[in-house]
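Participant: I am attaching a structure below and will ask some questions about it afterwards.
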Number of protein chains: 4
Amino acid sequence: MQTQDINLEKMNAVVKSKRKTGAEITKVSPPKIKDSEVLIEVEAASICGTDVHIWDWNEWAQERMKRIPVIFGHEVAGRVVEIGKNVTGVHVGDKISAETHIVDNMCYQCKTDRKHVCKNMEILGVDRDGVFAEQFALPEENAWKNDPHLDPSIASIQEPLGNAVQTVLPKEHVEDVAGKNVAVLGTGPIGLMAIAVLRELGAAKIFATAGGLNKVRMDLAKRMGADMVLSAREEGERLVKTIVDATDGNGVDVALEMSGDPNAVRQAFEMLTPGGRVSLLGILDKPMELDLNTAMIFKSATVFGITGRRMFETWYQVRGLLAKPGFKEKVSAVITHRIPIRDISKGVDLIKSKQAAKIVLEPKW
Amino acid sequence: MQTQDINLEKMNAVVKSKRKTGAEITKVSPPKIKDSEVLIEVEAASICGTDVHIWDWNEWAQERMKRIPVIFGHEVAGRVVEIGKNVTGVHVGDKISAETHIVDNMCYQCKTDRKHVCKNMEILGVDRDGVFAEQFALPEENAWKNDPHLDPSIASIQEPLGNAVQTVLPKEHVEDVAGKNVAVLGTGPIGLMAIAVLRELGAAKIFATAGGLNKVRMDLAKRMGADMVLSAREEGERLVKTIVDATDGNGVDVALEMSGDPNAVRQAFEMLTPGGRVSLLGILDKPMELDLNTAMIFKSATVFGITGRRMFETWYQVRGLLAKPGFKEKVSAVITHRIPIRDISKGVDLIKSKQAAKIVLEPKW
Amino acid sequence: MQTQDINLEKMNAVVKSKRKTGAEITKVSPPKIKDSEVLIEVEAASICGTDVHIWDWNEWAQERMKRIPVIFGHEVAGRVVEIGKNVTGVHVGDKISAETHIVDNMCYQCKTDRKHVCKNMEILGVDRDGVFAEQFALPEENAWKNDPHLDPSIASIQEPLGNAVQTVLPKEHVEDVAGKNVAVLGTGPIGLMAIAVLRELGAAKIFATAGGLNKVRMDLAKRMGADMVLSAREEGERLVKTIVDATDGNGVDVALEMSGDPNAVRQAFEMLTPGGRVSLLGILDKPMELDLNTAMIFKSATVFGITGRRMFETWYQVRGLLAKPGFKEKVSAVITHRIPIRDISKGVDLIKSKQAAKIVLEPKW
Amino acid sequence: MQTQDINLEKMNAVVKSKRKTGAEITKVSPPKIKDSEVLIEVEAASICGTDVHIWDWNEWAQERMKRIPVIFGHEVAGRVVEIGKNVTGVHVGDKISAETHIVDNMCYQCKTDRKHVCKNMEILGVDRDGVFAEQFALPEENAWKNDPHLDPSIASIQEPLGNAVQTVLPKEHVEDVAGKNVAVLGTGPIGLMAIAVLRELGAAKIFATAGGLNKVRMDLAKRMGADMVLSAREEGERLVKTIVDATDGNGVDVALEMSGDPNAVRQAFEMLTPGGRVSLLGILDKPMELDLNTAMIFKSATVFGITGRRMFETWYQVRGLLAKPGFKEKVSAVITHRIPIRDISKGVDLIKSKQAAKIVLEPKW
């Protein structure tokens with residue numbers, strides 16, 4: 001269900017209404033749900049890097065965003081206020097978060113347990129109206145029921161936490177962090193959460209590398225459980241050697257590239273033990289040069305491209321992790337700011353300045 | 001290398017010298033090593049259930065023990081005091097523990113990454129002289145080098161800790177405890193260590209079941225990290241329902257059978273979610289009746305028989321876990337007693353009375 | 001959609017109308033489809049062992065069949081003649097076969113890629129009207145589109161062929177027949193198809209064992225590609241040894257139990273190489289006694305309970321196999337009889353006498 | 001054991017004696033074996049691309065070859081003529097082939113089932129004297145016992161056939177060719193063998209792409225079982241689209257890059273279905289530019305770098321495949337020439353002209 005008439009002034013929403021930088025907070029008609037959808041009142045939302053791209057109207061956004069005007073935002077926690085007539089598993093009053101990938105359930109990928117790369121995927125807040133609003137519509141099957149006692153701001157960041165789990169464990173039958181040495185390259189919100197997840201899943205030594213010298217994020221990396229936090233800028237040429245030396249000369253078993261920096265990509269492979277694994281999550285600005293012989297072939301490396309999260313194994317895994325003593329508290333430190341949604345432009349600025357990690361928006365218009 | 005002449009009085013050892021209950025502490029000539037072996041001075045040893053069987057001379061021991069007299073015992077930590085002339089990777093002074101399975105490296109199993117079920121396996125302290133002595137001989141490839149600062153009593157229990165890891169993660173590419181609900185049936189030493197390992201590897205809820213009402217072990221199960229500890233005797237018919245109810249009615253994702261009790265085997269399958277996994281480690285007294293239709297087939301269950309531990313992945317995993325803050329301290333609580341080896345008969349009694357979990361023997365003769 | 005009024009005489013159907021042996025061919029009103037369903041005209045159906053149980057009204061049927069009267073049968077090929085208003089991916093005129101497991105898409109199993117063990121599963125021809133009729137209704141998502149040129153009798157047996165693939169390859173990330181020695185215990189239709197699949201997937205030596213001395217089926221086993229076909233009755237005690245000897249003394253890498261005979265279950269484990277894998281598909285009459293120590297634990301065996309087939313990976317795999325030169329022709333030999341559906345009682349008799357393997361029913365009323 | 005004195009004229013050998021193009025056939029003293037080695041009389045050898053690099057003294061060879069003079073060559077079949085005193089599993093008269101990677105069994109990689117990337121690996125015919133001689137020495141554990149009736153020229157190419165199996169099935173628990181569409185980019189000897197292996201392991205459609213228009217190799221690709229053989233030069237821009245169209249628009253499930261051509265690397269990712277897998281075996285001349293976003297990340301691709309072959313699973317798999325009816329005959333067509341070893345320089349020229357696929361050298365001096 002999408003907003004019928006964007007001029008009807010009934011509900012507050014952050015609308016990307018023009019194909020240029022910025023967005024406007026305005027009144028729109030609330031969504032009307034389809035028979036298989038539910039209507040959700042937003043209790044908390046959070047800002048993803050994608051939202052910043054949409055705000056900034058960068059190259060990616062210009063090419064990717066087909067539907068303007070659109071309400072954006074997709075990380076969310078809310079309460080069901082209405083259900084469609086075919087909805088049977090979700091009830092009014094349920095607390096939910098949104099799996100943001102809306103899939104067709106009929107394509108080759110969906111029929112073979114790879115819904116997260118559905119051929120006809122719609123993304124909430126990109127291809128259809130999203131969650132930076134008072135209410136939004138969601139297909140029943142995308143509604144993930146939360147424990148009613150879960151803090152909405154934590155509930156909202158379950159979606160990127162699922163990305164972190166996906167990066168750590170890209171397939172169900174690939175176990176490779178128990179007692180293993182792991183590097184996380186990049187200390188953005190998902191990188192930080194990945195460190196927390198790794199600590200929880202039995203990694204031995206965890207190395208975090210930051211591109212620059214951002215103290216806020218490097219401190220958070222430490223707090224999430226990294227044993228060693230290094231600045232690539234400060235270490236320079238020594239970076240890889242420092243990490244390899246700290247693993248008895250073997251190199252790391254697993255490297256998670258979460259920065260999108262081509263130097264970090266190269267370092268990920270350089271610090272890898274032969275036969276080890278790299279997950280690539282960080283999006284790069286452009287094609288990069290890579291020596292496939294030494295990076296992958298002679299090293300017998302396994303590489304996983306990471307996008308989205310397995311539906312819905314990762315949600316169960318996130319639920320299980322949040323139920324563990326202490327994890328919820330630890331990971332909540334990634335939320336550096338909680339601000340009213342009317343101040344979203346300040347939130348975007350904070351993220352761009354890297355003074356913030358994750359920012360939660362409260363429904364205060 | 002085996003003891004040349006058991007009558008030469010040079011070294012103290014616990015010798016199974018007769019095919020009946022008990023053992024004797026006596027002086028024997030120290031082992032002479034082969035070219036590819038190392039000689040190790042024992043700094044700590046620990047008692048395994050197998051040692052109790054050998055002591056008691058039960059049915060299993062009567063059938064399995066071909067070589068009497070023999071020095072038994074296999075869980076150990078020690079210091080290398082001599083190396084054979086072909087040894088290159090181990091040096092005098094190295095601190096080591098023993099991988100207790102001595103394999104032929106040539107059979108089908110060894111050539112296909114399943115050394116732990118080598119067709120021509122010799123077991124330390126069973127098929128050749130073991131570690132309840134002042135010194136013992138070990139092939140170089142079975143010598144696992146410890147961090148020199150690791151407490152010998154912790155170093156000694158790495159071997160059964162490896163069994164616990166093997167039960168939790170039976171193959172390298174089977175990931176299934178992250179965020180999952182897991183039951184451990186049986187609270188012997190390996191069961192207790194499995195709980196600690198599960199907690200460390202990100203399991204969501206952990207259920208422990210004890211056959212009887214042994215307070216020492218049930219308290220330890222709690223301390224290792226179980227969320228719920230149940231007595232099968234006390235719960236009776238309710239046991240399975242209690243656990244299924246505590247998992248939103250789904251049943252556990254993984255059940256680890258570590259008791260050898262046929263009722264526990266049945267319960268493990270009953271409490272399993274369809275498509276879930278059972279690991280069977282506990283040895284049964286005799287064949288049992290099982291409804292394969294409901295236990296395995298209709299449930300699409302995966303079952304792993306567990307014996308030994310993958311060589312040497314599990315050792316690296318144990319090393320990684322011991323390096324994590326707090327784990328070493330936690331798991332050391334499984335060591336309920338530290339006694340001089342001359343009092344081994346008291347140790348055996350303590351284990352049989354179930355007043356002890358793991359007992360470490362100090363080299364005091 | 002289910003038959004509205006079983007007394008309306010409009011369409012021919014084989015109806016299980018009484019809770020006793022047999023069934024009647026009678027006229028019923030044709031099904032009315034729901035918005036998300038399609039209506040299919042039957043072009044071929046085939047008889048499954050389950051249909052024989054329903055016909056015979058054996059213990060399983062008495063307990064399992066909740067809904068009488070019901071049209072039974074589920075293996076089918078047909079042509080879409082009507083689509084519901086929400087159907088978008090299937091069109092009138094499409095040739096289809098039916099995935100016979102109708103799932104809720106909302107339970108834990110469905111949300112974690114294990115739809116074949118959905119908690120609220122309905123089975124076509126068991127829990128709702130099936131395919132032994134002129135027409136039947138099917139949810140769009142259960143309609144598997146066939147190549148329009150595929151012979152309907154082959155199209156119909158794709159469903160049990162999927163079971164054979166599931167038995168051979170129980171999970172996506174378990175590869176273990178390439179160049180491996182495999183035994184198939186049981187020579188019923190799915191066992192025979194498993195032999196053909198194994199041959200196609202690169203198994204080295206394939207051993208087939210039949211319980212008795214049924215010449216028709218033993219010849220078919222040979223024709224499907226078994227290198228050695230043995231009668232358990234004739235071989236007696238020698239059976240396991242014969243197979244182990246034929247594998248350089250190693251035993252088979254994989255044993256597929258497809259008979260439901262407790263002796264065959266025991267033999268499957270006895271002939272298994274340590275570290276090998278057993279798939280259990282054959283349903284047993286009752287609980288059986290098993291020595292778990294030697295069968296599974298000391299052998300480090302992996303055991304998979306097999307039910308249904310992964311949705312829809314196995315369908316793609318079956319499609320891929322049928323596209324290979326010669327496979328379709330070979331597997332079609334499992335269809336020993338093609339008879340008019342009005343003679344279904346003769347078909348049931350033929351299967352019970354074991355003179356037939358798979359019987360295809362033509363829509364001749 | 002290495003040749004003691006290269007001037008002693010006792011045995012014929014092809015010796016790389018100078019750090020420049022070419023090699024000389026000369027008399028050297030036969031190897032003396034160590035206690036754990038066996039001496040083998042060569043019955044057939046074959047030429048690998050690596051041998052051509054050594055002959056040509058290209059950049060790779062100049063950097064990699066530390067030990068000159070050296071006898072090169074590593075693909076071989078022979079007969080054991082002498083065994084060292086510690087050898088127990090191999091006997092004089094045994095027919096063997098050589099696993100060419102001689103590993104230390106002690107490093108992290110060897111201890112964790114990744115011997116093929118051993119940190120201290122020696123390669124036969126590169127780091128120690130090889131097989132282009134009348135006799136060569138080999139550690140017992142590298143001697144793979146052949147069926148005595150196996151044709152030596154087939155026995156010799158088992159080693160590269162193992163590379164082909166490794167490329168198709170990079171890990172034991174990764175099943176992904178059964179019923180799947182696969183592309184092989186590159187039609188050199190290992191690419192051709194990979195096609196034959198894929199056909200044998202149940203791939204659905206197999207696409208082969210050749211860089212140029214080499215008729216000999218394109219015909220062989222067809223003969224090995226490719227359904228469609230395309231010339232990248234002829235197809236140009238259409239190449240990827242042609243293959244995607246032939247897979248219902250899905251793209252291939254698996255792409256095997258076996259050419260080392262950067263355009264083929266890019267095409268492999270372009271023709272891949274989201275969530276699919278790429279194996280990279282072909283060595284590239286230099287670093288290449290790659291768009292990681294579209295190639296790997298957004299596509300959720302899995303990438304395996306391929307080097308060597310799992311020891312010794314791939315050897316068992318090759319044995320199993322060679323035992324299948326017809327496979328041996330089919331794959332032997334890859335051997336386009338059988339020439340006396342004294343004509344090795346002609347063989348090198350034939351390979352460089354791409355008029356040959358695999359060339360077997362007969363022991364005629």
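Following the order of the structure tokens, first chain is A, next is B, and so on, with residues numbered from 1 inside each chain and ligands from 1 in the order they appear.
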Got a sec to pull out which chain C residues are within 10 Å of chain D, counting only C-alpha atoms, and send them as a PyMOL selection string?

Facilitator: chain C and resi 165+169+171-181+197-205+227+313-325

Participant: Give me every strand (DSSP E or B) residue in segment 8-169 of chain A, going by DSSP on the backbone, as an MDAnalysis selection string.

Facilitator: chainID A and resid 11:16 24:28 37:46 70:71 75:83 95:98 101:102 122:124 128 133 135:139 143:145

Participant: Fewer than 5 positions away in the same chain doesn't count, so skip those; otherwise give me all residues within 10 Å of segment 71-76 of chain C, counting only C-alpha atoms, as JSON, numbers by chain.

Facilitator: {"C": [2, 3, 6, 13, 14, 15, 16, 17, 23, 24, 25, 28, 40, 41, 42, 43, 44, 45, 46, 47, 48, 50, 51, 52, 54, 55, 96, 97, 98, 99, 100, 101, 123, 124, 125, 126, 127, 128, 129, 130, 131, 132, 133, 136, 152, 153, 154, 155, 156, 157, 158, 159, 160, 360, 361]}

Participant: Next, the residues of the selection above should be written as a tab-separated table (two decimals), in the first residue's frame with C-alpha atoms.

Facilitator:
```
chain	number	residue	atom	x	y	z
C	2	GLN	CA	-12.14	-28.26	-1.72
C	3	THR	CA	-14.98	-30.15	-3.29
C	6	ILE	CA	-19.53	-34.62	-2.89
C	13	ALA	CA	-13.06	-38.78	-9.06
C	14	VAL	CA	-11.61	-41.60	-6.97
C	15	VAL	CA	-13.10	-40.91	-3.55
C	16	LYS	CA	-12.18	-42.42	-0.23
C	17	SER	CA	-15.69	-42.16	1.14
C	23	ALA	CA	-12.41	-46.47	-2.63
C	24	GLU	CA	-15.12	-45.62	-5.13
C	25	ILE	CA	-15.07	-43.95	-8.49
C	28	VAL	CA	-18.54	-35.10	-7.62
C	40	ILE	CA	-5.84	-27.97	-13.14
C	41	GLU	CA	-7.07	-30.59	-15.58
C	42	VAL	CA	-5.33	-33.89	-14.92
C	43	GLU	CA	-3.33	-35.34	-17.82
C	44	ALA	CA	-1.57	-38.08	-15.87
C	45	ALA	CA	-1.37	-39.20	-12.25
C	46	SER	CA	0.70	-41.89	-10.59
C	47	ILE	CA	0.26	-44.15	-7.59
C	48	CYS	CA	2.39	-43.60	-4.48
C	50	THR	CA	0.77	-43.63	0.46
C	51	ASP	CA	-2.17	-44.09	-1.89
C	52	VAL	CA	-1.98	-47.83	-1.33
C	54	ILE	CA	-5.12	-45.07	2.06
C	55	TRP	CA	-6.79	-47.66	-0.16
C	96	ILE	CA	2.26	-28.07	-14.34
C	97	SER	CA	3.08	-30.66	-11.72
C	98	ALA	CA	2.21	-30.26	-8.06
C	99	GLU	CA	4.48	-29.78	-5.10
C	100	THR	CA	2.22	-31.69	-2.80
C	101	HIS	CA	3.16	-30.01	0.48
C	123	ILE	CA	-0.82	-32.62	2.05
C	124	LEU	CA	-2.62	-32.87	-1.25
C	125	GLY	CA	-4.79	-35.98	-1.42
C	126	VAL	CA	-4.50	-36.51	2.33
C	127	ASP	CA	-5.61	-33.34	4.10
C	128	ARG	CA	-7.45	-31.87	1.11
C	129	ASP	CA	-8.84	-33.17	-2.15
C	130	GLY	CA	-6.18	-34.60	-4.41
C	131	VAL	CA	-5.52	-35.47	-8.01
C	132	PHE	CA	-7.26	-38.76	-8.78
C	133	ALA	CA	-10.00	-36.76	-10.47
C	136	PHE	CA	-8.11	-30.34	-8.84
C	152	PRO	CA	2.89	-36.17	-18.68
C	153	SER	CA	3.79	-39.56	-17.22
C	154	ILE	CA	7.37	-38.40	-16.61
C	155	ALA	CA	6.09	-35.05	-15.36
C	156	SER	CA	3.93	-36.91	-12.85
C	157	ILE	CA	6.78	-38.87	-11.27
C	158	GLN	CA	8.90	-35.77	-10.71
C	159	GLU	CA	7.49	-35.55	-7.20
C	160	PRO	CA	8.86	-38.93	-6.00
C	360	VAL	CA	0.85	-44.16	-14.22
C	361	LEU	CA	-2.90	-43.58	-14.41
```

Participant: Atom CA of Met193 of chain A and atom CA of Leu230 of chain A are how many Å apart?

Facilitator: 17.0 Å

Participant: Skip Asp56 of chain C itself and residues of its chain fewer than 4 positions away, then list as a compact mmCIF listing (two decimals) with all heavy atoms, in the first residue's frame all residues within 8 Å of it, counting only C-alpha atoms.

Facilitator:
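And here's around-v8.txt as it stands now:
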```txt
# COMPACT_ATOMS: atom_id res chain seq x y z
N LYS C 20 -12.87 -47.52 5.64
CA LYS C 20 -12.53 -48.94 5.51
C LYS C 20 -11.82 -49.17 4.17
O LYS C 20 -11.69 -48.24 3.37
CB LYS C 20 -13.78 -49.80 5.63
CG LYS C 20 -14.82 -49.52 4.56
CD LYS C 20 -16.00 -50.49 4.67
CE LYS C 20 -16.83 -50.41 3.38
NZ LYS C 20 -17.99 -51.29 3.39
N THR C 21 -11.37 -50.41 3.91
CA THR C 21 -10.63 -50.73 2.69
C THR C 21 -11.37 -50.31 1.43
O THR C 21 -12.60 -50.39 1.38
CB THR C 21 -10.36 -52.25 2.65
OG1 THR C 21 -9.68 -52.60 3.84
CG2 THR C 21 -9.49 -52.61 1.44
N GLY C 22 -10.60 -49.90 0.42
CA GLY C 22 -11.17 -49.59 -0.88
C GLY C 22 -11.45 -48.12 -1.11
O GLY C 22 -11.08 -47.27 -0.30
N VAL C 52 -1.66 -46.43 -1.64
CA VAL C 52 -1.98 -47.83 -1.33
C VAL C 52 -2.38 -47.96 0.14
O VAL C 52 -3.33 -48.68 0.49
CB VAL C 52 -0.78 -48.76 -1.68
CG1 VAL C 52 -1.08 -50.20 -1.30
CG2 VAL C 52 -0.45 -48.64 -3.16
```

Participant: Rounded to one decimal, what separation in Å do you get between atom CA of Leu239 of chain D and atom CA of Val182 of chain D?

Facilitator: 14.5 Å

Participant: Determine, counting only C-alpha atoms, which protein, DNA and RNA residues have an atom within 9 Å of an atom of Lys330 of chain B; residues of the same chain fewer than 5 positions away are not included. Present the result as a ChimeraX atom specification.

Facilitator: /B:196,223-224

Participant: With N, CA, C and O atoms kept, could you save the residues just selected as a compact mmCIF listing (two decimals), in the first residue's frame?

Facilitator:
```txt
# COMPACT_ATOMS: atom_id res chain seq x y z
N ALA B 196 29.38 -24.54 28.79
CA ALA B 196 30.25 -23.36 28.77
C ALA B 196 30.59 -22.98 27.33
O ALA B 196 30.60 -21.80 26.97
N ARG B 223 26.26 -22.58 36.66
CA ARG B 223 27.44 -21.72 36.63
C ARG B 223 28.10 -21.69 35.25
O ARG B 223 28.66 -20.68 34.83
N MET B 224 28.01 -22.79 34.54
CA MET B 224 28.59 -22.84 33.18
C MET B 224 27.76 -22.00 32.21
O MET B 224 28.19 -21.72 31.09
```

Participant: Identify, on the basis of only C-alpha atoms, every residue whose closest approach to segment 118-120 of chain C does not exceed 6 Å; exclude the query and any residue fewer than 3 positions from it along the same chain; express the result as a PyMOL selection string.

Facilitator: chain C and resi 103+109-110+115

Participant: I'd like the interatomic distance between atom CA of Ser279 of chain A and atom CA of Glu122 of chain A, to a tenth of an Å.

Facilitator: 24.3 Å

Participant: Fewer than 2 positions away in the same chain doesn't count, so skip those; otherwise give me all residues within 8 Å of Pro262 of chain C, counting only C-alpha atoms, as a list of chain:residue names.

Facilitator: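 My list of contacting residues is C:Gly260, C:Ala264, C:Val265, C:Arg266, C:Leu284, C:Met288.
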
Participant: Would you please give, as a PyMOL selection string, all residues of segment 140-259 of chain B that DSSP assigns to alpha helix (DSSP H) based on the backbone?

Facilitator: chain B and resi 152-156+158-168+189-200+215-224+232-235+238-245
